[in-house]
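Printed here is start-v8.txt (compact mmCIF, C-alpha atoms):
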# COMPACT_ATOMS: atom_id res chain seq x y z
CA MET A 1 10.13 -6.14 -14.16
CA GLY A 2 9.62 -6.05 -10.41
CA LEU A 3 10.70 -8.89 -8.19
CA TYR A 4 7.11 -9.87 -7.44
CA PRO A 5 4.18 -10.40 -9.83
CA GLU A 6 2.66 -7.04 -10.77
CA ILE A 7 -0.43 -7.38 -8.58
CA ILE A 8 1.71 -7.96 -5.49
CA GLU A 9 3.93 -4.95 -6.28
CA LYS A 10 0.78 -2.87 -6.78
CA LEU A 11 -0.73 -3.89 -3.46
CA ILE A 12 2.56 -3.31 -1.62
CA GLU A 13 2.66 0.23 -3.08
CA LYS A 14 -0.89 0.88 -1.88
CA LEU A 15 -0.36 -0.59 1.58
CA LYS A 16 2.83 1.46 2.06
CA LYS A 17 0.74 4.62 1.85
CA LEU A 18 -1.24 3.65 4.97
CA PRO A 19 -0.01 5.20 8.20
CA GLY A 20 2.43 3.08 10.19
CA ILE A 21 3.04 0.62 7.36
CA GLY A 22 6.50 0.46 5.83
CA PRO A 23 7.76 -1.69 2.94
CA LYS A 24 8.51 -4.69 5.20
CA SER A 25 5.10 -4.61 6.93
CA ALA A 26 3.40 -4.25 3.55
CA GLU A 27 5.19 -7.38 2.33
CA ARG A 28 4.23 -9.30 5.45
CA ILE A 29 0.59 -8.28 5.03
CA VAL A 30 0.62 -9.47 1.40
CA TYR A 31 2.06 -12.85 2.45
CA TYR A 32 -0.61 -13.09 5.11
CA LEU A 33 -3.42 -12.23 2.67
CA ILE A 34 -2.23 -14.80 0.14
CA HIS A 35 -2.55 -17.41 2.88
CA CYS A 36 -6.03 -16.23 3.94
CA SER A 37 -9.18 -17.73 2.46
CA GLU A 38 -10.68 -15.86 -0.50
CA ASP A 39 -13.77 -15.08 1.59
CA GLU A 40 -11.74 -13.31 4.23
CA VAL A 41 -9.90 -11.17 1.70
CA VAL A 42 -13.06 -10.31 -0.23
CA SER A 43 -14.75 -9.36 3.03
CA LEU A 44 -11.83 -7.10 3.99
CA GLY A 45 -11.91 -5.44 0.56
CA GLU A 46 -15.66 -4.88 0.77
CA THR A 47 -15.51 -3.49 4.28
CA LEU A 48 -12.95 -0.91 3.12
CA VAL A 49 -15.28 0.27 0.38
CA PHE A 50 -18.37 0.24 2.65
CA LEU A 51 -16.43 2.28 5.20
CA LYS A 52 -15.78 5.00 2.68
CA ARG A 53 -19.35 4.94 1.37
CA GLN A 54 -21.18 4.73 4.69
CA VAL A 55 -19.25 6.81 7.15
CA LYS A 56 -20.32 10.44 7.29
CA LEU A 57 -19.87 13.22 9.81
CA CYS A 58 -22.66 13.94 12.32
CA LYS A 59 -24.37 17.17 11.26
CA LYS A 60 -24.36 18.44 14.83
CA CYS A 61 -21.12 17.39 16.49
CA PHE A 62 -18.99 16.12 13.54
CA ASN A 63 -18.42 12.72 15.10
CA PHE A 64 -18.42 9.76 12.68
CA THR A 65 -21.86 8.34 11.96
CA GLU A 66 -23.72 6.20 9.45
CA LYS A 67 -26.83 8.36 9.77
CA ASP A 68 -27.39 12.14 9.78
CA LEU A 69 -26.80 12.42 13.51
CA CYS A 70 -24.47 10.24 15.59
CA ASN A 71 -25.64 7.96 18.38
CA ILE A 72 -24.42 10.37 21.03
CA CYS A 73 -26.35 13.33 19.60
CA LEU A 74 -29.45 11.14 19.31
CA ASP A 75 -29.14 9.98 22.94
CA GLU A 76 -31.65 12.07 24.90
CA LYS A 77 -30.25 10.96 28.24
CA ARG A 78 -27.01 12.83 27.67
CA LYS A 79 -26.40 16.00 29.68
CA ASN A 80 -26.27 19.30 27.85
CA ILE A 81 -22.59 19.72 28.52
CA ILE A 82 -20.44 19.89 25.38
CA CYS A 83 -16.91 18.58 25.45
CA VAL A 84 -14.92 20.23 22.62
CA VAL A 85 -12.22 17.96 21.21
CA GLU A 86 -9.73 18.20 18.39
CA GLU A 87 -10.36 14.81 16.79
CA VAL A 88 -12.81 11.89 16.93
CA LYS A 89 -10.13 9.79 18.63
CA ASP A 90 -10.19 12.25 21.54
CA LEU A 91 -13.97 11.83 21.78
CA ILE A 92 -13.44 8.07 21.94
CA SER A 93 -10.90 8.49 24.76
CA ILE A 94 -13.34 10.62 26.76
CA GLU A 95 -16.24 8.21 26.10
CA LYS A 96 -14.12 5.51 27.75
CA THR A 97 -14.15 7.55 30.99
CA ASN A 98 -17.97 7.21 31.08
CA PHE A 99 -18.51 10.91 30.49
CA LYS A 100 -22.24 11.36 29.89
CA GLY A 101 -22.30 14.70 28.12
CA ARG A 102 -22.17 15.61 24.45
CA TYR A 103 -19.27 16.48 22.14
CA HIS A 104 -18.13 18.82 19.44
CA VAL A 105 -15.28 17.73 17.19
CA LEU A 106 -13.20 20.62 15.85
CA TRP A 107 -11.40 18.52 13.25
CA GLY A 108 -8.02 19.96 14.08
CA ARG A 109 -6.33 22.72 16.03
CA ILE A 110 -5.21 26.23 15.19
CA SER A 111 -1.71 25.71 13.87
CA MET A 112 0.83 27.94 12.20
CA LEU A 113 2.86 24.90 11.16
CA ASP A 114 0.00 23.09 9.41
CA ASN A 115 -1.44 26.38 8.23
CA THR A 116 -4.75 25.71 10.00
CA SER A 117 -6.70 28.85 10.75
CA PRO A 118 -9.74 29.04 13.08
CA GLU A 119 -12.05 29.24 10.05
CA GLN A 120 -11.01 25.74 8.98
CA LEU A 121 -12.17 24.27 12.30
CA LYS A 122 -15.77 23.62 13.31
CA ILE A 123 -15.80 26.62 15.66
CA LEU A 124 -18.58 28.56 13.90
CA GLN A 125 -20.73 25.44 14.09
CA LEU A 126 -20.05 25.27 17.83
CA ILE A 127 -21.31 28.84 18.24
CA GLU A 128 -24.43 27.95 16.25
CA ARG A 129 -25.06 25.01 18.59
CA ILE A 130 -24.79 27.25 21.64
CA LYS A 131 -27.51 29.42 20.13
CA ASP A 132 -29.75 26.48 19.18
CA GLU A 133 -29.33 24.07 22.08
CA LYS A 134 -29.68 24.68 25.80
CA ILE A 135 -26.03 24.14 26.68
CA GLU A 136 -25.12 24.30 30.36
CA GLU A 137 -21.37 24.24 30.01
CA ILE A 138 -18.60 23.87 27.46
CA ILE A 139 -15.55 21.81 28.48
CA ILE A 140 -12.63 22.67 26.22
CA ALA A 141 -10.78 19.38 25.90
CA THR A 142 -8.16 20.20 23.28
CA ASN A 143 -4.75 18.64 23.91
CA PRO A 144 -2.42 20.22 26.48
CA THR A 145 0.07 21.03 23.71
CA ILE A 146 1.04 24.52 22.55
CA GLU A 147 -1.39 24.34 19.62
CA GLY A 148 -4.13 22.78 21.73
CA GLU A 149 -3.73 25.50 24.36
CA ASN A 150 -3.80 28.23 21.72
CA THR A 151 -6.98 26.76 20.28
CA ALA A 152 -8.50 26.55 23.76
CA ALA A 153 -7.59 30.19 24.43
CA TYR A 154 -9.12 31.27 21.12
CA ILE A 155 -12.39 29.43 21.80
CA SER A 156 -12.45 30.66 25.39
CA GLU A 157 -12.31 34.28 24.18
CA ILE A 158 -15.36 33.70 21.99
CA LEU A 159 -17.26 31.89 24.74
CA LYS A 160 -16.54 34.71 27.18
CA LYS A 161 -18.12 37.18 24.74
CA ILE A 162 -21.16 34.93 24.36
CA GLY A 163 -21.24 34.65 28.13
CA ILE A 164 -21.50 30.88 28.47
CA LYS A 165 -19.94 28.87 31.31
CA HIS A 166 -16.86 27.07 30.08
CA SER A 167 -13.92 25.16 31.52
CA ARG A 168 -10.64 23.54 30.55
CA LEU A 169 -9.41 20.03 31.40
CA ALA A 170 -7.15 19.98 34.46
CA ILE A 171 -3.42 19.72 33.89
CA GLY A 172 -1.53 17.70 36.51
CA LEU A 173 0.12 14.45 37.41
CA PRO A 174 -1.10 11.35 35.60
CA VAL A 175 -2.56 8.70 37.94
CA GLY A 176 0.09 6.16 38.90
CA SER A 177 2.98 8.37 37.84
CA GLU A 178 6.08 9.08 39.93
CA LEU A 179 7.17 12.66 40.59
CA GLU A 180 10.75 11.66 39.82
CA TYR A 181 9.84 11.06 36.18
CA ILE A 182 7.39 13.91 35.61
CA ASP A 183 8.58 16.79 33.41
CA SER A 184 8.92 20.09 35.25
CA GLN A 185 6.25 21.85 33.16
CA THR A 186 3.62 19.33 34.26
CA LEU A 187 4.82 19.43 37.85
CA LYS A 188 4.67 23.22 37.83
CA LYS A 189 1.08 23.08 36.52
CA ALA A 190 0.20 20.46 39.13
CA ILE A 191 1.45 22.77 41.89
CA GLU A 192 -0.38 25.79 40.44
CA GLY A 193 -3.56 23.77 40.11
CA ARG A 194 -3.33 22.18 43.56
CA LYS A 195 -6.64 21.50 45.30
CA GLU A 196 -7.35 22.42 48.87
CA LEU A 197 -8.27 19.44 51.06
CA MET B 198 -23.02 -0.38 21.15
CA GLY B 199 -19.37 0.18 20.28
CA LEU B 200 -17.79 3.59 20.48
CA TYR B 201 -17.56 3.87 16.69
CA PRO B 202 -20.22 3.28 14.02
CA GLU B 203 -20.52 -0.45 13.32
CA ILE B 204 -18.70 -0.36 9.98
CA ILE B 205 -15.67 1.28 11.59
CA GLU B 206 -15.62 -1.29 14.44
CA LYS B 207 -15.88 -4.04 11.83
CA LEU B 208 -12.98 -2.74 9.77
CA ILE B 209 -10.82 -2.22 12.88
CA GLU B 210 -11.46 -5.87 13.83
CA LYS B 211 -10.42 -7.02 10.36
CA LEU B 212 -7.33 -4.83 10.20
CA LYS B 213 -6.19 -5.98 13.65
CA LYS B 214 -5.85 -9.51 12.25
CA LEU B 215 -3.18 -8.40 9.77
CA PRO B 216 0.40 -8.97 10.91
CA GLY B 217 2.05 -6.01 12.63
CA ILE B 218 -1.20 -4.08 13.06
CA GLY B 219 -2.48 -3.48 16.59
CA PRO B 220 -5.67 -1.72 17.71
CA LYS B 221 -4.06 1.76 17.59
CA SER B 222 -2.60 1.28 14.10
CA ALA B 223 -5.93 -0.11 12.91
CA GLU B 224 -7.68 3.04 14.18
CA ARG B 225 -5.13 5.27 12.49
CA ILE B 226 -5.58 3.43 9.20
CA VAL B 227 -9.36 3.85 9.42
CA TYR B 228 -8.98 7.60 10.03
CA TYR B 229 -6.64 7.77 7.08
CA LEU B 230 -9.03 5.86 4.80
CA ILE B 231 -11.96 8.06 5.75
CA HIS B 232 -9.90 11.04 4.60
CA CYS B 233 -8.86 9.37 1.32
CA SER B 234 -10.84 9.83 -1.86
CA GLU B 235 -13.43 7.13 -2.62
CA ASP B 236 -11.44 6.11 -5.72
CA GLU B 237 -8.34 5.40 -3.71
CA VAL B 238 -10.20 3.26 -1.19
CA VAL B 239 -12.12 1.36 -3.87
CA SER B 240 -8.86 0.73 -5.71
CA LEU B 241 -7.24 -0.62 -2.53
CA GLY B 242 -10.22 -2.89 -1.87
CA GLU B 243 -10.17 -4.19 -5.44
CA THR B 244 -6.43 -4.80 -5.43
CA LEU B 245 -6.81 -6.93 -2.29
CA VAL B 246 -9.40 -9.11 -4.02
CA PHE B 247 -7.42 -9.31 -7.29
CA LEU B 248 -4.36 -10.34 -5.29
CA LYS B 249 -6.17 -13.30 -3.82
CA ARG B 250 -7.72 -14.27 -7.15
CA GLN B 251 -4.66 -13.83 -9.36
CA VAL B 252 -1.67 -14.91 -7.33
CA LYS B 253 -0.85 -18.60 -7.65
CA LEU B 254 2.25 -20.65 -6.98
CA CYS B 255 4.62 -21.49 -9.84
CA LYS B 256 4.16 -25.16 -10.74
CA LYS B 257 7.91 -25.67 -10.90
CA CYS B 258 9.54 -23.64 -8.15
CA PHE B 259 6.57 -22.52 -5.99
CA ASN B 260 7.40 -18.83 -6.32
CA PHE B 261 4.40 -16.48 -6.60
CA THR B 262 3.13 -16.03 -10.14
CA GLU B 263 0.08 -14.86 -12.06
CA LYS B 264 0.63 -17.56 -14.70
CA ASP B 265 1.41 -21.30 -14.51
CA LEU B 266 5.14 -20.71 -14.32
CA CYS B 267 6.89 -17.73 -12.75
CA ASN B 268 9.02 -15.26 -14.71
CA ILE B 269 12.20 -16.79 -13.34
CA CYS B 270 11.30 -20.32 -14.45
CA LEU B 271 10.30 -18.96 -17.86
CA ASP B 272 13.60 -17.09 -18.24
CA GLU B 273 15.78 -19.26 -20.51
CA LYS B 274 18.90 -17.23 -19.77
CA ARG B 275 18.98 -18.41 -16.16
CA LYS B 276 21.66 -20.93 -15.20
CA ASN B 277 20.61 -24.41 -14.18
CA ILE B 278 21.65 -23.87 -10.60
CA ILE B 279 18.81 -24.15 -8.10
CA CYS B 280 18.85 -22.10 -4.94
CA VAL B 281 16.62 -23.78 -2.33
CA VAL B 282 14.97 -21.27 0.01
CA GLU B 283 12.46 -21.50 2.85
CA GLU B 284 10.12 -18.71 1.75
CA VAL B 285 9.44 -16.44 -1.24
CA LYS B 286 10.85 -13.50 0.73
CA ASP B 287 14.22 -15.30 0.81
CA LEU B 288 14.05 -15.68 -2.97
CA ILE B 289 13.45 -11.93 -3.24
CA SER B 290 16.48 -11.22 -1.03
CA ILE B 291 18.68 -13.42 -3.21
CA GLU B 292 17.31 -11.90 -6.43
CA LYS B 293 18.49 -8.53 -5.13
CA THR B 294 22.09 -9.85 -5.16
CA ASN B 295 21.78 -10.35 -8.93
CA PHE B 296 21.97 -14.13 -8.64
CA LYS B 297 21.20 -15.50 -12.09
CA GLY B 298 20.19 -19.07 -11.26
CA ARG B 299 16.84 -20.62 -10.50
CA TYR B 300 15.00 -21.25 -7.24
CA HIS B 301 12.96 -23.77 -5.33
CA VAL B 302 10.76 -22.51 -2.50
CA LEU B 303 10.25 -25.09 0.28
CA TRP B 304 7.40 -23.16 1.92
CA GLY B 305 8.79 -23.63 5.39
CA ARG B 306 11.42 -25.52 7.33
CA ILE B 307 11.45 -28.78 9.24
CA SER B 308 10.33 -27.74 12.71
CA MET B 309 9.38 -29.64 15.84
CA LEU B 310 7.88 -26.48 17.32
CA ASP B 311 5.56 -25.71 14.40
CA ASN B 312 4.99 -29.41 13.79
CA THR B 313 6.32 -29.17 10.24
CA SER B 314 7.57 -32.47 8.89
CA PRO B 315 9.63 -32.87 5.68
CA GLU B 316 6.53 -34.18 3.85
CA GLN B 317 4.83 -30.81 4.28
CA LEU B 318 7.64 -29.02 2.44
CA LYS B 319 8.22 -29.01 -1.32
CA ILE B 320 11.14 -31.45 -1.02
CA LEU B 321 9.64 -34.23 -3.13
CA GLN B 322 8.96 -31.70 -5.86
CA LEU B 323 12.63 -30.67 -5.71
CA ILE B 324 13.70 -34.28 -6.25
CA GLU B 325 11.33 -34.50 -9.22
CA ARG B 326 12.93 -31.39 -10.71
CA ILE B 327 16.39 -32.88 -10.37
CA LYS B 328 15.18 -35.86 -12.41
CA ASP B 329 13.44 -33.74 -15.07
CA GLU B 330 15.78 -30.76 -15.49
CA LYS B 331 19.51 -30.69 -16.16
CA ILE B 332 20.54 -29.21 -12.83
CA GLU B 333 24.24 -28.44 -12.37
CA GLU B 334 24.18 -27.62 -8.68
CA ILE B 335 21.83 -27.14 -5.77
CA ILE B 336 22.61 -24.31 -3.35
CA ILE B 337 20.84 -24.92 -0.05
CA ALA B 338 19.95 -21.41 1.13
CA THR B 339 17.78 -22.11 4.17
CA ASN B 340 18.34 -19.74 7.09
CA PRO B 341 21.38 -20.24 9.34
CA THR B 342 19.05 -20.99 12.28
CA ILE B 343 18.73 -24.34 14.06
CA GLU B 344 15.65 -25.26 12.03
CA GLY B 345 17.16 -23.98 8.78
CA GLU B 346 20.34 -25.98 9.40
CA ASN B 347 18.34 -29.11 10.20
CA THR B 348 16.37 -28.70 7.00
CA ALA B 349 19.60 -28.16 5.06
CA ALA B 350 21.11 -31.31 6.58
CA TYR B 351 17.99 -33.32 5.73
CA ILE B 352 18.00 -32.16 2.10
CA SER B 353 21.76 -32.66 1.84
CA GLU B 354 21.36 -36.34 2.86
CA ILE B 355 18.87 -36.87 0.05
CA LEU B 356 21.03 -35.03 -2.51
CA LYS B 357 24.06 -37.12 -1.53
CA LYS B 358 22.10 -40.28 -2.28
CA ILE B 359 21.00 -38.87 -5.64
CA GLY B 360 24.60 -37.90 -6.22
CA ILE B 361 24.10 -34.29 -7.29
CA LYS B 362 26.54 -31.48 -6.53
CA HIS B 363 25.20 -29.32 -3.75
CA SER B 364 26.43 -26.57 -1.46
CA ARG B 365 25.39 -24.47 1.53
CA LEU B 366 25.56 -20.68 1.90
CA ALA B 367 28.72 -19.54 3.71
CA ILE B 368 28.43 -18.58 7.36
CA GLY B 369 30.72 -15.73 8.43
CA LEU B 370 31.04 -12.08 9.26
CA PRO B 371 28.49 -9.72 7.70
CA VAL B 372 30.10 -7.07 5.45
CA GLY B 373 30.72 -3.87 7.39
CA SER B 374 30.41 -5.55 10.78
CA GLU B 375 32.87 -5.16 13.64
CA LEU B 376 34.37 -8.22 15.33
CA GLU B 377 33.70 -6.63 18.70
CA TYR B 378 29.96 -6.93 18.18
CA ILE B 379 29.79 -10.31 16.44
CA ASP B 380 28.37 -13.22 18.45
CA SER B 381 30.89 -15.95 19.19
CA GLN B 382 29.00 -18.62 17.21
CA THR B 383 29.30 -16.58 14.03
CA LEU B 384 32.92 -15.73 14.74
CA LYS B 385 33.70 -19.41 15.35
CA LYS B 386 32.09 -20.31 12.01
CA ALA B 387 34.00 -17.49 10.29
CA ILE B 388 37.28 -18.91 11.61
CA GLU B 389 36.35 -22.46 10.64
CA GLY B 390 35.34 -21.31 7.18
CA ARG B 391 38.38 -19.08 6.64
CA LYS B 392 39.68 -18.81 3.07
CA GLU B 393 43.27 -19.15 2.09
CA LEU B 394 44.68 -16.11 0.34
Any chance you could put this one into structure tokens?
Amino acid sequence: MGLYPEIIEKLIEKLKKLPGIGPKSAERIVYYLIHCSEDEVVSLGETLVFLKRQVKLCKKCFNFTEKDLCNICLDEKRKNIICVVEEVKDLISIEKTNFKGRYHVLWGRISMLDNTSPEQLKILQLIERIKDEKIEEIIIATNPTIEGENTAAYISEILKKIGIKHSRLAIGLPVGSELEYIDSQTLKKAIEGRKEL
Amino acid sequence: MGLYPEIIEKLIEKLKKLPGIGPKSAERIVYYLIHCSEDEVVSLGETLVFLKRQVKLCKKCFNFTEKDLCNICLDEKRKNIICVVEEVKDLISIEKTNFKGRYHVLWGRISMLDNTSPEQLKILQLIERIKDEKIEEIIIATNPTIEGENTAAYISEILKKIGIKHSRLAIGLPVGSELEYIDSQTLKKAIEGRKEL
């Protein structure tokens, strides 16, 4: 016999599996839900199920979508510049900068640790797009981590062979940062990548 | 147009209302759910709804239950000592100590800040229980905070008038603590409450 009624124990177990939720948070959420109106809880439950049933990946860029193609791919005003990102959350971050190009989500990075090989990423699909669409430039926007850089290098090799213009996000000092607190790797890159004025 | 498909934005909004979940955690949970199997997500959604529909408050002690009375109230082996707590989570903490008495959940504490008056707590119901059941002792186990102490004092006044044996949890040094790091209020209480050996 658990300390709570069975249904509460069951929900706590399920909530604990979600990222960032530990046993204490799970308990707090259950207390909160019990205090909510039935409508609110039913609506949350339904939204969860709808999410799973409705969200698909865009057939072109692998962004989330409820249709075959995502809103960005359908937007004819977008420039034919493709920004290649590791995850959808990176796409969202770049969208917030008002970037008006297109995207391609790799769904990961080449990683020895996670056992992710290039074949598991959407790289082949990117090459197909270059053939099919009139792409002006590819911006490789993988993370500036070891794995992100390796992935960028791998893709860059392929793009060189294809002979398409491609670039990598600049590495340097974050806006508003203080040199005193910047790690030496970043500072070194910022010096190497200095811009003539 | 949000940055995500509408259903994702909707779920993020709903998740953000849960305690301890901010916009970033909500996003991470959505990513996680999209990767889960449909069965898992449906089961989570259903459990949420069942929770709300099945969980009630015990008619005697106001613990959570799926029936009219909770398992603790139904347990005839329990002693007729009632431990009065502010919230169900306090009951759970005390259960973990292997306490074999009964409980009474106040559902709050007398608080000027939250505008909680004694009438809003389950104090009247506690007095009713004292009349109906053969209670040997009441342990007032509200938190050792200002509001918890005030609530304890209020209940103690009533119990004195009724003339029933009642006690308060001991205040003192936590097991495994070091005097060096104990606040002086606690240390003062530990000295006041010292036990002869």
Thr342 of chain B environment, 12 Å, all atoms listed in the file, sequence neighbours closer than 4 positions dropped, as a CSV table (one decimal) with C-alpha atoms, in the coordinates of the input:
chain,number,residue,atom,x,y,z
B,283,GLU,CA,12.5,-21.5,2.8
B,306,ARG,CA,11.4,-25.5,7.3
B,307,ILE,CA,11.4,-28.8,9.2
B,308,SER,CA,10.3,-27.7,12.7
B,338,ALA,CA,20.0,-21.4,1.1
B,346,GLU,CA,20.3,-26.0,9.4
B,347,ASN,CA,18.3,-29.1,10.2
B,348,THR,CA,16.4,-28.7,7.0
B,349,ALA,CA,19.6,-28.2,5.1
B,350,ALA,CA,21.1,-31.3,6.6
B,368,ILE,CA,28.4,-18.6,7.4
B,382,GLN,CA,29.0,-18.6,17.2
B,383,THR,CA,29.3,-16.6,14.0
Quiz item: Got a sec to pull out which chain B residues are within 7 Å of chain A, counting only C-alpha atoms, and send them as number ranges by chain?
Solution: B: 200, 202, 204-205, 208, 211, 215-217, 222, 225-226, 231, 235, 238-239, 241-246, 248-249, 261-263, 289
Quiz item: Can you tell me how far atom CA of Gly373 of chain B sits from atom CA of Gly2 of chain A, in Å to one decimal?
Solution: 27.7 Å
Practice problem: Within 12 Å of segment 188-192 of chain A, counting only C-alpha atoms, which residues show up once you throw out same-chain ones fewer than 6 positions away? Write them as a ChimeraX atom specification, please. | Solution: /A:144,170-174,179,182
Quiz item: So which residues touch Leu266 of chain B within 8 Å, counting only C-alpha atoms, skipping near sequence neighbours fewer than 3 positions away, as a list in words?
Solution: Leu254, Cys255, Lys256, Lys257, Thr262, Cys270 and Leu271 of chain B
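Residues in contact range of segment 120-134 of chain A, defined as at most 8 Å between all atoms listed in the file, with sequence neighbours fewer than 4 positions away removed, read A:Lys60, A:Asn80, A:His104, A:Val105, A:Leu106, A:Trp107, A:Gly108, A:Arg109, A:Ile110, A:Thr116, A:Ile155.
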Practice problem: Could you please determine the separation between atom CA of Gly360 of chain B and atom CA of Phe296 of chain B in Å, to one decimal place? | Solution: 24.0 Å
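Between atom CA of Asn143 of chain A and atom CA of Val85 of chain A lies a distance of 8.0 Å.
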Quiz item: Taking into account all atoms listed in the file, which residue in the set B:Tyr378, B:Glu354, B:Leu366, B:Glu344 is nearest to Ile291 of chain B?
Solution: B:Leu366
Self-check item: Nearest candidate to Ile355 of chain B (options B:Leu394, B:Cys258, B:Ile335, B:Ile279; using all atoms listed in the file)
Solution: B:Ile335
Block slice segment 274-292 of chain B, C-alpha atoms, emitted as a compact mmCIF listing (two decimals), in the first residue's frame:
# COMPACT_ATOMS: atom_id res chain seq x y z
CA LYS B 274 -5.34 -1.17 14.20
CA ARG B 275 -4.48 2.52 14.36
CA LYS B 276 -4.30 4.12 17.81
CA ASN B 277 -6.85 6.75 18.74
CA ILE B 278 -4.28 9.50 18.74
CA ILE B 279 -4.93 12.24 16.19
CA CYS B 280 -2.05 14.08 14.60
CA VAL B 281 -3.29 17.46 13.32
CA VAL B 282 -1.41 18.62 10.22
CA GLU B 283 -1.68 21.59 7.86
CA GLU B 284 -1.55 19.69 4.57
CA VAL B 285 -1.70 16.13 3.21
CA LYS B 286 2.02 16.32 2.41
CA ASP B 287 2.69 16.72 6.16
CA LEU B 288 0.62 13.60 6.81
CA ILE B 289 2.77 11.75 4.27
CA SER B 290 5.95 12.92 6.01
CA ILE B 291 4.67 11.68 9.37
CA GLU B 292 3.50 8.36 7.89
